[in-house]
Amino acid sequence: MKIKVTQAEGNQRRKKPADESNLGFGDIVTDHMYKMDWEAGKGWSNFRIEPYGPIPIDPAAMVLHYGQEVFEGLKAYGGEDGGIYLFRPEENFKRLNRSARRLCMPEVEVDLAMEGMKKLILLDRDWVPRSEGTSLYIRPTMIATEPHLGVRPAKSYLFYIIIGPVGAYYKEGLNPVKIYVEDFFVRAAIGGTGEAKTSGNYAASLLAAEEAKKKGFTQVLWLDAAERKYVEEVGTMNMFFLIEDEVTTAPLNGSILPGITRDSVIRIVKEWGMKMSERSLAIDEVIAAAKNGTLKEAFGTGTAAVISPVGQITYKGEDHIVAGGDMGELSRRLYDEIVAIQYRRKPDPYGWVERIV
Ligand SMILES: *Cc1c(COP(=O)(O)O)cnc(C)c1O
């Protein structure tokens, strides 16, 4: 594949953050972006890296009306040894393709998308932050560009990748978050698009999240759409609970986003010889365990925050403090293990980390 590179000129170069200790999440992008086009009957073409900038879009572009959009989120890590590493990147592109199939969008060739991504990171490698807890966030995105008013799958698409340095996802950092168990609104129903990483799912989640924020919560914990009985996931994270000596997370039944961090945590917990269950967990079971002291820990998992400990769960007006409101031992251990592997501070027994330079 030939990728045409157009370097950013002096005035197209963006300002690098002066202070890596205060990066926040999602506001800074680098000098360049990767793009490729898809057309029915022709497939992918026009592989290119260009200066970062606005993309022209027809007001009738189908993504704006019918929501054909899928995305991914992964990170490049500046290793202790000066290398740049990716964590299970092929999983992200496989998931992108599963999301694309659900939305009747074309699949990308994984090797092709990965090559474009790596080339982009290498070109903007000076942007990879090096301080503790920072990384380069990578956002592959696909949108329907065909101008047409009328519902059907579009016949042209743009795939692009943008990247930018990030710090902690939540302003709380590793401090425990407070979550609100949402028993009216739902995120996704079985048979819907909950297992696809697609924009509409997030638009649909905003109102509940905003109402929870007004009440002082960081995130909502979603329950299943049919009965509002079983725990699903949180905002942009999968959820885990440690009850007595059993680690539990919801099964991938179609309404849950199959997180790569979720998968890694399951693998590590099993490797450590702990009891790991993917099973339906009723919110009533969680609350009963919180009341009788057997709920030892609760935490969310996702690329952005890695492990986010939960210090309080509020359900039907009652607050339940988890792990004394602190980060529990298992959450801490998992966080340390995954981060050490990602930054290559520790050998990687799972073969998850790939060095790109
Ligand atoms: C992206 C995402 C996750 C976490 O997935 P990772 O692959 O671990 O980053 C969990 N839930 C939702 C809804 C998400 O969008």
# chains A, B, ... in the order shown; residues from 1 in each chain; ligands from 1
>>> residues_near_ligand(ligand="ligand 1", cutoff="9 Å", atoms="only C-alpha atoms and all ligand atoms", output="PDB file with all heavy atoms, in the first residue's frame")
ATOM      1  N   GLU A  72     -13.002   3.898  17.425  1.00  0.00           N
ATOM      2  CA  GLU A  72     -12.211   3.098  18.357  1.00  0.00           C
ATOM      3  C   GLU A  72     -11.432   4.028  19.266  1.00  0.00           C
ATOM      4  O   GLU A  72     -11.320   5.225  19.002  1.00  0.00           O
ATOM      5  CB  GLU A  72     -11.248   2.169  17.594  1.00  0.00           C
ATOM      6  CG  GLU A  72     -11.850   0.814  17.277  1.00  0.00           C
ATOM      7  CD  GLU A  72     -12.342   0.087  18.531  1.00  0.00           C
ATOM      8  OE1 GLU A  72     -11.719   0.224  19.592  1.00  0.00           O
ATOM      9  OE2 GLU A  72     -13.367  -0.612  18.447  1.00  0.00           O
ATOM     10  N   GLY A  73     -10.893   3.482  20.336  1.00  0.00           N
ATOM     11  CA  GLY A  73     -10.037   4.250  21.233  1.00  0.00           C
ATOM     12  C   GLY A  73      -8.929   3.351  21.729  1.00  0.00           C
ATOM     13  O   GLY A  73      -9.203   2.313  22.327  1.00  0.00           O
ATOM     14  N   LEU A  74      -7.692   3.710  21.432  1.00  0.00           N
ATOM     15  CA  LEU A  74      -6.547   2.958  21.964  1.00  0.00           C
ATOM     16  C   LEU A  74      -5.422   3.937  22.246  1.00  0.00           C
ATOM     17  O   LEU A  74      -5.582   5.139  22.015  1.00  0.00           O
ATOM     18  CB  LEU A  74      -6.113   1.832  21.021  1.00  0.00           C
ATOM     19  CG  LEU A  74      -5.517   2.162  19.655  1.00  0.00           C
ATOM     20  CD1 LEU A  74      -4.740   0.960  19.144  1.00  0.00           C
ATOM     21  CD2 LEU A  74      -6.602   2.503  18.637  1.00  0.00           C
ATOM     22  N   GLU A  91      -6.898  -5.966  18.272  1.00  0.00           N
ATOM     23  CA  GLU A  91      -8.231  -6.157  18.865  1.00  0.00           C
ATOM     24  C   GLU A  91      -9.135  -4.963  18.584  1.00  0.00           C
ATOM     25  O   GLU A  91     -10.341  -5.112  18.381  1.00  0.00           O
ATOM     26  CB  GLU A  91      -8.129  -6.381  20.381  1.00  0.00           C
ATOM     27  CG  GLU A  91      -7.378  -7.644  20.787  1.00  0.00           C
ATOM     28  CD  GLU A  91      -8.027  -8.912  20.258  1.00  0.00           C
ATOM     29  OE1 GLU A  91      -9.272  -8.973  20.228  1.00  0.00           O
ATOM     30  OE2 GLU A  91      -7.291  -9.831  19.857  1.00  0.00           O
ATOM     31  N   ASN A  92      -8.544  -3.779  18.609  1.00  0.00           N
ATOM     32  CA  ASN A  92      -9.349  -2.586  18.330  1.00  0.00           C
ATOM     33  C   ASN A  92      -9.867  -2.574  16.897  1.00  0.00           C
ATOM     34  O   ASN A  92     -11.018  -2.198  16.644  1.00  0.00           O
ATOM     35  CB  ASN A  92      -8.541  -1.308  18.582  1.00  0.00           C
ATOM     36  CG  ASN A  92      -8.270  -1.089  20.046  1.00  0.00           C
ATOM     37  OD1 ASN A  92      -7.264  -1.545  20.581  1.00  0.00           O
ATOM     38  ND2 ASN A  92      -9.183  -0.439  20.728  1.00  0.00           N
ATOM     39  N   ARG A  95     -12.586  -5.132  16.455  1.00  0.00           N
ATOM     40  CA  ARG A  95     -13.841  -4.623  17.030  1.00  0.00           C
ATOM     41  C   ARG A  95     -14.444  -3.537  16.131  1.00  0.00           C
ATOM     42  O   ARG A  95     -15.660  -3.466  15.962  1.00  0.00           O
ATOM     43  CB  ARG A  95     -13.599  -4.089  18.444  1.00  0.00           C
ATOM     44  CG  ARG A  95     -14.884  -3.643  19.139  1.00  0.00           C
ATOM     45  CD  ARG A  95     -14.650  -3.336  20.606  1.00  0.00           C
ATOM     46  NE  ARG A  95     -13.803  -2.173  20.791  1.00  0.00           N
ATOM     47  CZ  ARG A  95     -13.267  -1.816  21.954  1.00  0.00           C
ATOM     48  NH1 ARG A  95     -13.498  -2.528  23.045  1.00  0.00           N
ATOM     49  NH2 ARG A  95     -12.503  -0.748  22.057  1.00  0.00           N
ATOM     50  N   ARG A 187     -29.182   2.245  28.395  1.00  0.00           N
ATOM     51  CA  ARG A 187     -28.159   2.507  27.384  1.00  0.00           C
ATOM     52  C   ARG A 187     -28.409   1.704  26.120  1.00  0.00           C
ATOM     53  O   ARG A 187     -28.334   2.215  25.009  1.00  0.00           O
ATOM     54  CB  ARG A 187     -26.774   2.151  27.933  1.00  0.00           C
ATOM     55  CG  ARG A 187     -25.621   2.571  27.041  1.00  0.00           C
ATOM     56  CD  ARG A 187     -24.291   2.013  27.518  1.00  0.00           C
ATOM     57  NE  ARG A 187     -23.985   0.763  26.860  1.00  0.00           N
ATOM     58  CZ  ARG A 187     -23.293   0.633  25.737  1.00  0.00           C
ATOM     59  NH1 ARG A 187     -22.800   1.693  25.142  1.00  0.00           N
ATOM     60  NH2 ARG A 187     -23.084  -0.544  25.198  1.00  0.00           N
ATOM     61  N   GLY A 194     -25.756  -1.870  21.285  1.00  0.00           N
ATOM     62  CA  GLY A 194     -24.919  -1.707  22.471  1.00  0.00           C
ATOM     63  C   GLY A 194     -23.531  -2.292  22.368  1.00  0.00           C
ATOM     64  O   GLY A 194     -22.588  -1.789  22.982  1.00  0.00           O
ATOM     65  N   GLU A 195     -23.381  -3.355  21.581  1.00  0.00           N
ATOM     66  CA  GLU A 195     -22.037  -3.961  21.506  1.00  0.00           C
ATOM     67  C   GLU A 195     -21.182  -3.326  20.412  1.00  0.00           C
ATOM     68  O   GLU A 195     -20.034  -3.724  20.227  1.00  0.00           O
ATOM     69  CB  GLU A 195     -22.110  -5.480  21.373  1.00  0.00           C
ATOM     70  CG  GLU A 195     -22.784  -5.979  20.124  1.00  0.00           C
ATOM     71  CD  GLU A 195     -22.946  -7.503  20.139  1.00  0.00           C
ATOM     72  OE1 GLU A 195     -22.396  -8.174  21.026  1.00  0.00           O
ATOM     73  OE2 GLU A 195     -23.638  -8.012  19.238  1.00  0.00           O
ATOM     74  N   ALA A 196     -21.727  -2.334  19.704  1.00  0.00           N
ATOM     75  CA  ALA A 196     -20.931  -1.608  18.701  1.00  0.00           C
ATOM     76  C   ALA A 196     -20.449  -0.288  19.300  1.00  0.00           C
ATOM     77  O   ALA A 196     -21.169   0.342  20.072  1.00  0.00           O
ATOM     78  CB  ALA A 196     -21.782  -1.343  17.463  1.00  0.00           C
ATOM     79  N   LYS A 197     -19.238   0.105  18.927  1.00  0.00           N
ATOM     80  CA  LYS A 197     -18.753   1.411  19.382  1.00  0.00           C
ATOM     81  C   LYS A 197     -19.208   2.423  18.334  1.00  0.00           C
ATOM     82  O   LYS A 197     -18.503   2.704  17.368  1.00  0.00           O
ATOM     83  CB  LYS A 197     -17.219   1.377  19.526  1.00  0.00           C
ATOM     84  CG  LYS A 197     -16.737   1.918  20.877  1.00  0.00           C
ATOM     85  CD  LYS A 197     -15.267   1.643  21.098  1.00  0.00           C
ATOM     86  CE  LYS A 197     -14.672   2.529  22.158  1.00  0.00           C
ATOM     87  NZ  LYS A 197     -15.104   2.265  23.525  1.00  0.00           N
ATOM     88  N   THR A 198     -20.403   2.941  18.518  1.00  0.00           N
ATOM     89  CA  THR A 198     -21.002   3.836  17.541  1.00  0.00           C
ATOM     90  C   THR A 198     -21.601   5.048  18.252  1.00  0.00           C
ATOM     91  O   THR A 198     -22.120   4.916  19.371  1.00  0.00           O
ATOM     92  CB  THR A 198     -22.068   3.096  16.698  1.00  0.00           C
ATOM     93  OG1 THR A 198     -22.646   4.010  15.769  1.00  0.00           O
ATOM     94  CG2 THR A 198     -23.178   2.483  17.544  1.00  0.00           C
ATOM     95  N   ASN A 201     -24.965   5.512  20.524  1.00  0.00           N
ATOM     96  CA  ASN A 201     -25.049   4.972  21.886  1.00  0.00           C
ATOM     97  C   ASN A 201     -24.692   6.033  22.916  1.00  0.00           C
ATOM     98  O   ASN A 201     -25.245   6.055  24.019  1.00  0.00           O
ATOM     99  CB  ASN A 201     -24.067   3.800  22.074  1.00  0.00           C
ATOM    100  CG  ASN A 201     -24.474   2.565  21.286  1.00  0.00           C
ATOM    101  OD1 ASN A 201     -25.615   2.415  20.894  1.00  0.00           O
ATOM    102  ND2 ASN A 201     -23.509   1.681  21.053  1.00  0.00           N
ATOM    103  N   TYR A 202     -23.744   6.878  22.567  1.00  0.00           N
ATOM    104  CA  TYR A 202     -23.253   7.878  23.521  1.00  0.00           C
ATOM    105  C   TYR A 202     -24.210   9.053  23.574  1.00  0.00           C
ATOM    106  O   TYR A 202     -24.478   9.598  24.659  1.00  0.00           O
ATOM    107  CB  TYR A 202     -21.807   8.268  23.171  1.00  0.00           C
ATOM    108  CG  TYR A 202     -20.978   7.002  23.144  1.00  0.00           C
ATOM    109  CD1 TYR A 202     -20.890   6.227  21.993  1.00  0.00           C
ATOM    110  CD2 TYR A 202     -20.429   6.499  24.319  1.00  0.00           C
ATOM    111  CE1 TYR A 202     -20.241   5.004  21.987  1.00  0.00           C
ATOM    112  CE2 TYR A 202     -19.772   5.278  24.324  1.00  0.00           C
ATOM    113  CZ  TYR A 202     -19.687   4.530  23.149  1.00  0.00           C
ATOM    114  OH  TYR A 202     -19.059   3.325  23.167  1.00  0.00           O
ATOM    115  N   GLU A 233     -23.036  -1.976  32.427  1.00  0.00           N
ATOM    116  CA  GLU A 233     -21.726  -1.327  32.470  1.00  0.00           C
ATOM    117  C   GLU A 233     -21.890   0.125  32.866  1.00  0.00           C
ATOM    118  O   GLU A 233     -22.995   0.590  33.137  1.00  0.00           O
ATOM    119  CB  GLU A 233     -21.006  -1.488  31.133  1.00  0.00           C
ATOM    120  CG  GLU A 233     -21.758  -0.924  29.944  1.00  0.00           C
ATOM    121  CD  GLU A 233     -20.987  -1.115  28.638  1.00  0.00           C
ATOM    122  OE1 GLU A 233     -19.780  -0.883  28.629  1.00  0.00           O
ATOM    123  OE2 GLU A 233     -21.622  -1.483  27.640  1.00  0.00           O
ATOM    124  N   VAL A 234     -20.772   0.831  32.888  1.00  0.00           N
ATOM    125  CA  VAL A 234     -20.759   2.225  33.338  1.00  0.00           C
ATOM    126  C   VAL A 234     -20.256   3.103  32.203  1.00  0.00           C
ATOM    127  O   VAL A 234     -19.226   2.792  31.627  1.00  0.00           O
ATOM    128  CB  VAL A 234     -19.780   2.376  34.530  1.00  0.00           C
ATOM    129  CG1 VAL A 234     -19.478   3.836  34.801  1.00  0.00           C
ATOM    130  CG2 VAL A 234     -20.345   1.744  35.775  1.00  0.00           C
ATOM    131  N   GLY A 235     -20.951   4.173  31.857  1.00  0.00           N
ATOM    132  CA  GLY A 235     -20.460   5.179  30.908  1.00  0.00           C
ATOM    133  C   GLY A 235     -19.624   4.581  29.791  1.00  0.00           C
ATOM    134  O   GLY A 235     -20.147   3.994  28.860  1.00  0.00           O
ATOM    135  N   THR A 236     -18.322   4.706  29.902  1.00  0.00           N
ATOM    136  CA  THR A 236     -17.418   4.171  28.880  1.00  0.00           C
ATOM    137  C   THR A 236     -16.529   3.078  29.456  1.00  0.00           C
ATOM    138  O   THR A 236     -15.398   2.891  29.025  1.00  0.00           O
ATOM    139  CB  THR A 236     -16.526   5.291  28.317  1.00  0.00           C
ATOM    140  OG1 THR A 236     -15.862   5.915  29.420  1.00  0.00           O
ATOM    141  CG2 THR A 236     -17.338   6.328  27.588  1.00  0.00           C
ATOM    142  N   MET A 237     -17.064   2.375  30.454  1.00  0.00           N
ATOM    143  CA  MET A 237     -16.261   1.319  31.087  1.00  0.00           C
ATOM    144  C   MET A 237     -17.112   0.084  31.356  1.00  0.00           C
ATOM    145  O   MET A 237     -18.301   0.188  31.651  1.00  0.00           O
ATOM    146  CB  MET A 237     -15.712   1.802  32.438  1.00  0.00           C
ATOM    147  CG  MET A 237     -14.774   2.986  32.349  1.00  0.00           C
ATOM    148  SD  MET A 237     -14.009   3.311  33.948  1.00  0.00           S
ATOM    149  CE  MET A 237     -15.424   3.715  34.935  1.00  0.00           C
ATOM    150  N   ASN A 238     -16.480  -1.076  31.317  1.00  0.00           N
ATOM    151  CA  ASN A 238     -17.107  -2.306  31.800  1.00  0.00           C
ATOM    152  C   ASN A 238     -16.968  -2.330  33.319  1.00  0.00           C
ATOM    153  O   ASN A 238     -16.083  -1.695  33.877  1.00  0.00           O
ATOM    154  CB  ASN A 238     -16.444  -3.523  31.157  1.00  0.00           C
ATOM    155  CG  ASN A 238     -16.645  -3.543  29.642  1.00  0.00           C
ATOM    156  OD1 ASN A 238     -15.716  -3.316  28.883  1.00  0.00           O
ATOM    157  ND2 ASN A 238     -17.864  -3.791  29.211  1.00  0.00           N
ATOM    158  N   MET A 239     -17.864  -3.059  33.976  1.00  0.00           N
ATOM    159  CA  MET A 239     -17.882  -3.062  35.451  1.00  0.00           C
ATOM    160  C   MET A 239     -17.515  -4.424  36.023  1.00  0.00           C
ATOM    161  O   MET A 239     -17.959  -5.459  35.514  1.00  0.00           O
ATOM    162  CB  MET A 239     -19.301  -2.734  35.936  1.00  0.00           C
ATOM    163  CG  MET A 239     -19.545  -1.286  36.339  1.00  0.00           C
ATOM    164  SD  MET A 239     -18.329  -0.519  37.397  1.00  0.00           S
ATOM    165  CE  MET A 239     -18.727  -1.226  38.985  1.00  0.00           C
ATOM    166  N   ILE A 256     -23.676  -5.195  25.741  1.00  0.00           N
ATOM    167  CA  ILE A 256     -22.493  -4.681  26.433  1.00  0.00           C
ATOM    168  C   ILE A 256     -21.335  -4.515  25.453  1.00  0.00           C
ATOM    169  O   ILE A 256     -21.160  -5.344  24.552  1.00  0.00           O
ATOM    170  CB  ILE A 256     -22.129  -5.632  27.590  1.00  0.00           C
ATOM    171  CG1 ILE A 256     -23.190  -5.455  28.678  1.00  0.00           C
ATOM    172  CG2 ILE A 256     -20.718  -5.394  28.124  1.00  0.00           C
ATOM    173  CD1 ILE A 256     -23.017  -6.339  29.834  1.00  0.00           C
ATOM    174  N   LEU A 257     -20.599  -3.439  25.637  1.00  0.00           N
ATOM    175  CA  LEU A 257     -19.439  -3.210  24.774  1.00  0.00           C
ATOM    176  C   LEU A 257     -18.323  -4.174  25.198  1.00  0.00           C
ATOM    177  O   LEU A 257     -17.913  -4.172  26.364  1.00  0.00           O
ATOM    178  CB  LEU A 257     -19.006  -1.742  24.953  1.00  0.00           C
ATOM    179  CG  LEU A 257     -18.156  -1.048  23.888  1.00  0.00           C
ATOM    180  CD1 LEU A 257     -16.729  -1.578  23.866  1.00  0.00           C
ATOM    181  CD2 LEU A 257     -18.763  -1.120  22.501  1.00  0.00           C
ATOM    182  N   PRO A 258     -17.835  -4.989  24.271  1.00  0.00           N
ATOM    183  CA  PRO A 258     -16.788  -5.961  24.640  1.00  0.00           C
ATOM    184  C   PRO A 258     -15.431  -5.279  24.792  1.00  0.00           C
ATOM    185  O   PRO A 258     -14.654  -5.186  23.854  1.00  0.00           O
ATOM    186  CB  PRO A 258     -16.799  -6.942  23.457  1.00  0.00           C
ATOM    187  CG  PRO A 258     -17.418  -6.195  22.321  1.00  0.00           C
ATOM    188  CD  PRO A 258     -18.270  -5.106  22.880  1.00  0.00           C
ATOM    189  N   GLY A 259     -15.173  -4.792  25.987  1.00  0.00           N
ATOM    190  CA  GLY A 259     -13.953  -4.014  26.248  1.00  0.00           C
ATOM    191  C   GLY A 259     -12.702  -4.879  26.170  1.00  0.00           C
ATOM    192  O   GLY A 259     -12.702  -6.032  26.606  1.00  0.00           O
ATOM    193  N   ILE A 260     -11.640  -4.293  25.641  1.00  0.00           N
ATOM    194  CA  ILE A 260     -10.359  -4.991  25.557  1.00  0.00           C
ATOM    195  C   ILE A 260      -9.699  -4.992  26.940  1.00  0.00           C
ATOM    196  O   ILE A 260      -9.066  -5.970  27.330  1.00  0.00           O
ATOM    197  CB  ILE A 260      -9.489  -4.349  24.462  1.00  0.00           C
ATOM    198  CG1 ILE A 260     -10.176  -4.582  23.106  1.00  0.00           C
ATOM    199  CG2 ILE A 260      -8.071  -4.927  24.455  1.00  0.00           C
ATOM    200  CD1 ILE A 260      -9.769  -3.651  22.014  1.00  0.00           C
ATOM    201  N   THR A 261      -9.892  -3.930  27.707  1.00  0.00           N
ATOM    202  CA  THR A 261      -9.398  -3.920  29.089  1.00  0.00           C
ATOM    203  C   THR A 261     -10.158  -4.972  29.902  1.00  0.00           C
ATOM    204  O   THR A 261      -9.563  -5.687  30.711  1.00  0.00           O
ATOM    205  CB  THR A 261      -9.578  -2.531  29.717  1.00  0.00           C
ATOM    206  OG1 THR A 261      -9.281  -1.532  28.748  1.00  0.00           O
ATOM    207  CG2 THR A 261      -8.679  -2.360  30.927  1.00  0.00           C
ATOM    208  N   ARG A 262     -11.469  -5.084  29.666  1.00  0.00           N
ATOM    209  CA  ARG A 262     -12.278  -6.127  30.321  1.00  0.00           C
ATOM    210  C   ARG A 262     -11.671  -7.497  30.070  1.00  0.00           C
ATOM    211  O   ARG A 262     -11.451  -8.288  30.989  1.00  0.00           O
ATOM    212  CB  ARG A 262     -13.717  -6.063  29.777  1.00  0.00           C
ATOM    213  CG  ARG A 262     -14.633  -7.194  30.227  1.00  0.00           C
ATOM    214  CD  ARG A 262     -15.958  -7.146  29.447  1.00  0.00           C
ATOM    215  NE  ARG A 262     -16.868  -8.210  29.849  1.00  0.00           N
ATOM    216  CZ  ARG A 262     -16.796  -9.465  29.411  1.00  0.00           C
ATOM    217  NH1 ARG A 262     -15.846  -9.829  28.541  1.00  0.00           N
ATOM    218  NH2 ARG A 262     -17.651 -10.372  29.829  1.00  0.00           N
ATOM    219  N   ASP A 263     -11.382  -7.766  28.796  1.00  0.00           N
ATOM    220  CA  ASP A 263     -10.819  -9.061  28.420  1.00  0.00           C
ATOM    221  C   ASP A 263      -9.462  -9.288  29.099  1.00  0.00           C
ATOM    222  O   ASP A 263      -9.168 -10.389  29.565  1.00  0.00           O
ATOM    223  CB  ASP A 263     -10.682  -9.106  26.890  1.00  0.00           C
ATOM    224  CG  ASP A 263     -10.247 -10.468  26.400  1.00  0.00           C
ATOM    225  OD1 ASP A 263     -11.085 -11.385  26.453  1.00  0.00           O
ATOM    226  OD2 ASP A 263      -9.075 -10.629  26.007  1.00  0.00           O
ATOM    227  N   SER A 264      -8.642  -8.239  29.166  1.00  0.00           N
ATOM    228  CA  SER A 264      -7.315  -8.367  29.778  1.00  0.00           C
ATOM    229  C   SER A 264      -7.441  -8.637  31.277  1.00  0.00           C
ATOM    230  O   SER A 264      -6.701  -9.454  31.839  1.00  0.00           O
ATOM    231  CB  SER A 264      -6.493  -7.088  29.546  1.00  0.00           C
ATOM    232  OG  SER A 264      -6.467  -6.755  28.172  1.00  0.00           O
ATOM    233  N   GLY A 300     -14.416   0.003  37.405  1.00  0.00           N
ATOM    234  CA  GLY A 300     -14.663   0.028  35.974  1.00  0.00           C
ATOM    235  C   GLY A 300     -13.361  -0.212  35.228  1.00  0.00           C
ATOM    236  O   GLY A 300     -12.277   0.033  35.770  1.00  0.00           O
ATOM    237  N   THR A 301     -13.469  -0.723  33.992  1.00  0.00           N
ATOM    238  CA  THR A 301     -12.278  -0.950  33.174  1.00  0.00           C
ATOM    239  C   THR A 301     -12.474  -0.340  31.783  1.00  0.00           C
ATOM    240  O   THR A 301     -13.546  -0.461  31.191  1.00  0.00           O
ATOM    241  CB  THR A 301     -12.002  -2.457  32.976  1.00  0.00           C
ATOM    242  OG1 THR A 301     -13.051  -3.031  32.186  1.00  0.00           O
ATOM    243  CG2 THR A 301     -11.894  -3.199  34.293  1.00  0.00           C
ATOM    244  N   GLY A 302     -11.433   0.311  31.277  1.00  0.00           N
ATOM    245  CA  GLY A 302     -11.481   0.874  29.933  1.00  0.00           C
ATOM    246  C   GLY A 302     -10.113   1.430  29.560  1.00  0.00           C
ATOM    247  O   GLY A 302      -9.301   1.705  30.445  1.00  0.00           O
ATOM    248  N   THR A 303      -9.879   1.583  28.279  1.00  0.00           N
ATOM    249  CA  THR A 303      -8.585   2.079  27.809  1.00  0.00           C
ATOM    250  C   THR A 303      -8.236   3.433  28.428  1.00  0.00           C
ATOM    251  O   THR A 303      -7.104   3.667  28.829  1.00  0.00           O
ATOM    252  CB  THR A 303      -8.619   2.211  26.272  1.00  0.00           C
ATOM    253  OG1 THR A 303      -8.793   0.914  25.731  1.00  0.00           O
ATOM    254  CG2 THR A 303      -7.348   2.838  25.734  1.00  0.00           C
ATOM    255  N   ALA A 304      -9.244   4.310  28.504  1.00  0.00           N
ATOM    256  CA  ALA A 304      -8.974   5.679  28.940  1.00  0.00           C
ATOM    257  C   ALA A 304      -8.485   5.726  30.385  1.00  0.00           C
ATOM    258  O   ALA A 304      -7.470   6.346  30.686  1.00  0.00           O
ATOM    259  CB  ALA A 304     -10.212   6.537  28.752  1.00  0.00           C
ATOM    260  N   ALA A 305      -9.214   5.062  31.306  1.00  0.00           N
ATOM    261  CA  ALA A 305      -8.863   5.154  32.723  1.00  0.00           C
ATOM    262  C   ALA A 305      -8.145   3.902  33.237  1.00  0.00           C
ATOM    263  O   ALA A 305      -7.689   3.889  34.378  1.00  0.00           O
ATOM    264  CB  ALA A 305     -10.127   5.391  33.546  1.00  0.00           C
ATOM    265  N   VAL A 306      -8.041   2.859  32.452  1.00  0.00           N
ATOM    266  CA  VAL A 306      -7.495   1.533  32.801  1.00  0.00           C
ATOM    267  C   VAL A 306      -8.390   0.877  33.866  1.00  0.00           C
ATOM    268  O   VAL A 306      -9.223   0.054  33.536  1.00  0.00           O
ATOM    269  CB  VAL A 306      -6.020   1.557  33.256  1.00  0.00           C
ATOM    270  CG1 VAL A 306      -5.476   0.126  33.326  1.00  0.00           C
ATOM    271  CG2 VAL A 306      -5.170   2.399  32.304  1.00  0.00           C
TER     272      VAL A 306
END
>>> residues_around(residues="region 137-143 of chain A", least_positions_apart="3", cutoff="7 Å", atoms="only C-alpha atoms", output="PyMOL selection string")
chain A and resi 63+68-76+157-166
>>> closest_atom_pairs(of="region 42-140 of chain A", to="region 12-35 of chain A", cutoff="10 Å", atoms="only C-alpha atoms", output="tab-separated table")
residue	atom	partner	partner_atom	distance
A:Ser45	CA	A:Lys35	CA	9.5
A:Asn46	CA	A:Lys35	CA	7.8
A:Phe47	CA	A:Lys35	CA	6.0
A:Arg48	CA	A:Lys35	CA	5.4
A:Ile49	CA	A:Tyr34	CA	4.4
A:Glu50	CA	A:His32	CA	5.5
A:Pro51	CA	A:His32	CA	4.3
A:Tyr52	CA	A:His32	CA	4.3
A:Gly53	CA	A:Met33	CA	8.1
A:Ala113	CA	A:Tyr34	CA	9.2
A:Gly116	CA	A:Tyr34	CA	6.4
A:Met117	CA	A:Tyr34	CA	7.0
A:Lys118	CA	A:Tyr34	CA	9.9
A:Lys119	CA	A:Tyr34	CA	8.6
A:Leu120	CA	A:Tyr34	CA	6.4
A:Ile121	CA	A:His32	CA	9.1
A:Leu123	CA	A:His32	CA	7.9
A:Asp124	CA	A:Thr30	CA	6.8
A:Arg125	CA	A:Thr30	CA	9.5
A:Asp126	CA	A:Lys16	CA	9.2
A:Trp127	CA	A:Thr30	CA	6.8
A:Val128	CA	A:Thr30	CA	9.5
A:Pro129	CA	A:Glu20	CA	6.9
A:Arg130	CA	A:Glu20	CA	8.0
A:Ser131	CA	A:Glu20	CA	6.6
A:Glu132	CA	A:Ser21	CA	8.4
A:Gly133	CA	A:Ser21	CA	8.9
A:Thr134	CA	A:Glu20	CA	7.7
A:Ser135	CA	A:Leu23	CA	9.8
A:Leu136	CA	A:Val29	CA	9.5
A:Tyr137	CA	A:Gly26	CA	8.0
A:Ile138	CA	A:Val29	CA	9.7
A:Arg139	CA	A:Gly26	CA	9.9
A:Pro140	CA	A:Tyr34	CA	8.9
>>> select_by_dssp(residues="region 5-89 of chain A", states="helix (DSSP H, G or I)", output="compact mmCIF listing (two decimals) with N, CA, C and O atoms, in the first residue's frame")
# COMPACT_ATOMS: atom_id res chain seq x y z
N GLY A 10 4.87 25.15 8.37
CA GLY A 10 5.07 25.90 9.62
C GLY A 10 3.78 26.37 10.28
O GLY A 10 3.52 26.07 11.44
N ASN A 11 2.93 27.06 9.51
CA ASN A 11 1.72 27.63 10.13
C ASN A 11 0.61 26.60 10.34
O ASN A 11 -0.42 26.90 10.94
N GLN A 12 0.81 25.37 9.82
CA GLN A 12 -0.18 24.31 10.08
C GLN A 12 0.23 23.48 11.29
O GLN A 12 -0.53 22.63 11.73
N GLU A 20 3.22 18.73 30.67
CA GLU A 20 2.66 17.38 30.55
C GLU A 20 1.90 16.94 31.80
O GLU A 20 1.19 15.94 31.77
N SER A 21 2.04 17.68 32.89
CA SER A 21 1.40 17.23 34.13
C SER A 21 -0.08 17.60 34.14
O SER A 21 -0.83 17.21 35.02
N ASN A 22 -0.50 18.37 33.14
CA ASN A 22 -1.87 18.88 33.17
C ASN A 22 -2.56 18.69 31.82
O ASN A 22 -3.24 19.60 31.34
N MET A 62 -24.67 11.30 4.87
CA MET A 62 -25.60 10.42 5.59
C MET A 62 -25.25 10.24 7.07
O MET A 62 -26.14 10.00 7.88
N VAL A 63 -23.97 10.42 7.43
CA VAL A 63 -23.63 10.29 8.85
C VAL A 63 -24.38 11.33 9.68
O VAL A 63 -24.74 11.07 10.83
N LEU A 64 -24.64 12.50 9.09
CA LEU A 64 -25.27 13.58 9.85
C LEU A 64 -26.76 13.34 10.07
O LEU A 64 -27.37 13.95 10.94
N HIS A 65 -27.33 12.44 9.27
CA HIS A 65 -28.78 12.23 9.34
C HIS A 65 -29.15 10.87 9.91
O HIS A 65 -30.11 10.74 10.66
N TYR A 66 -28.35 9.85 9.55
CA TYR A 66 -28.73 8.49 9.92
C TYR A 66 -27.69 7.80 10.79
O TYR A 66 -27.82 6.60 11.08
N PRO A 89 -3.39 -3.76 19.72
CA PRO A 89 -4.06 -2.89 18.75
C PRO A 89 -4.94 -3.63 17.75
O PRO A 89 -5.97 -3.11 17.31
>>> residues_around(residues="Glu182 (chain A)", least_positions_apart="2", cutoff="9 Å", atoms="only C-alpha atoms", output="ChimeraX atom specification")
/A:180,184-186,208,212,220-223,228,315-316
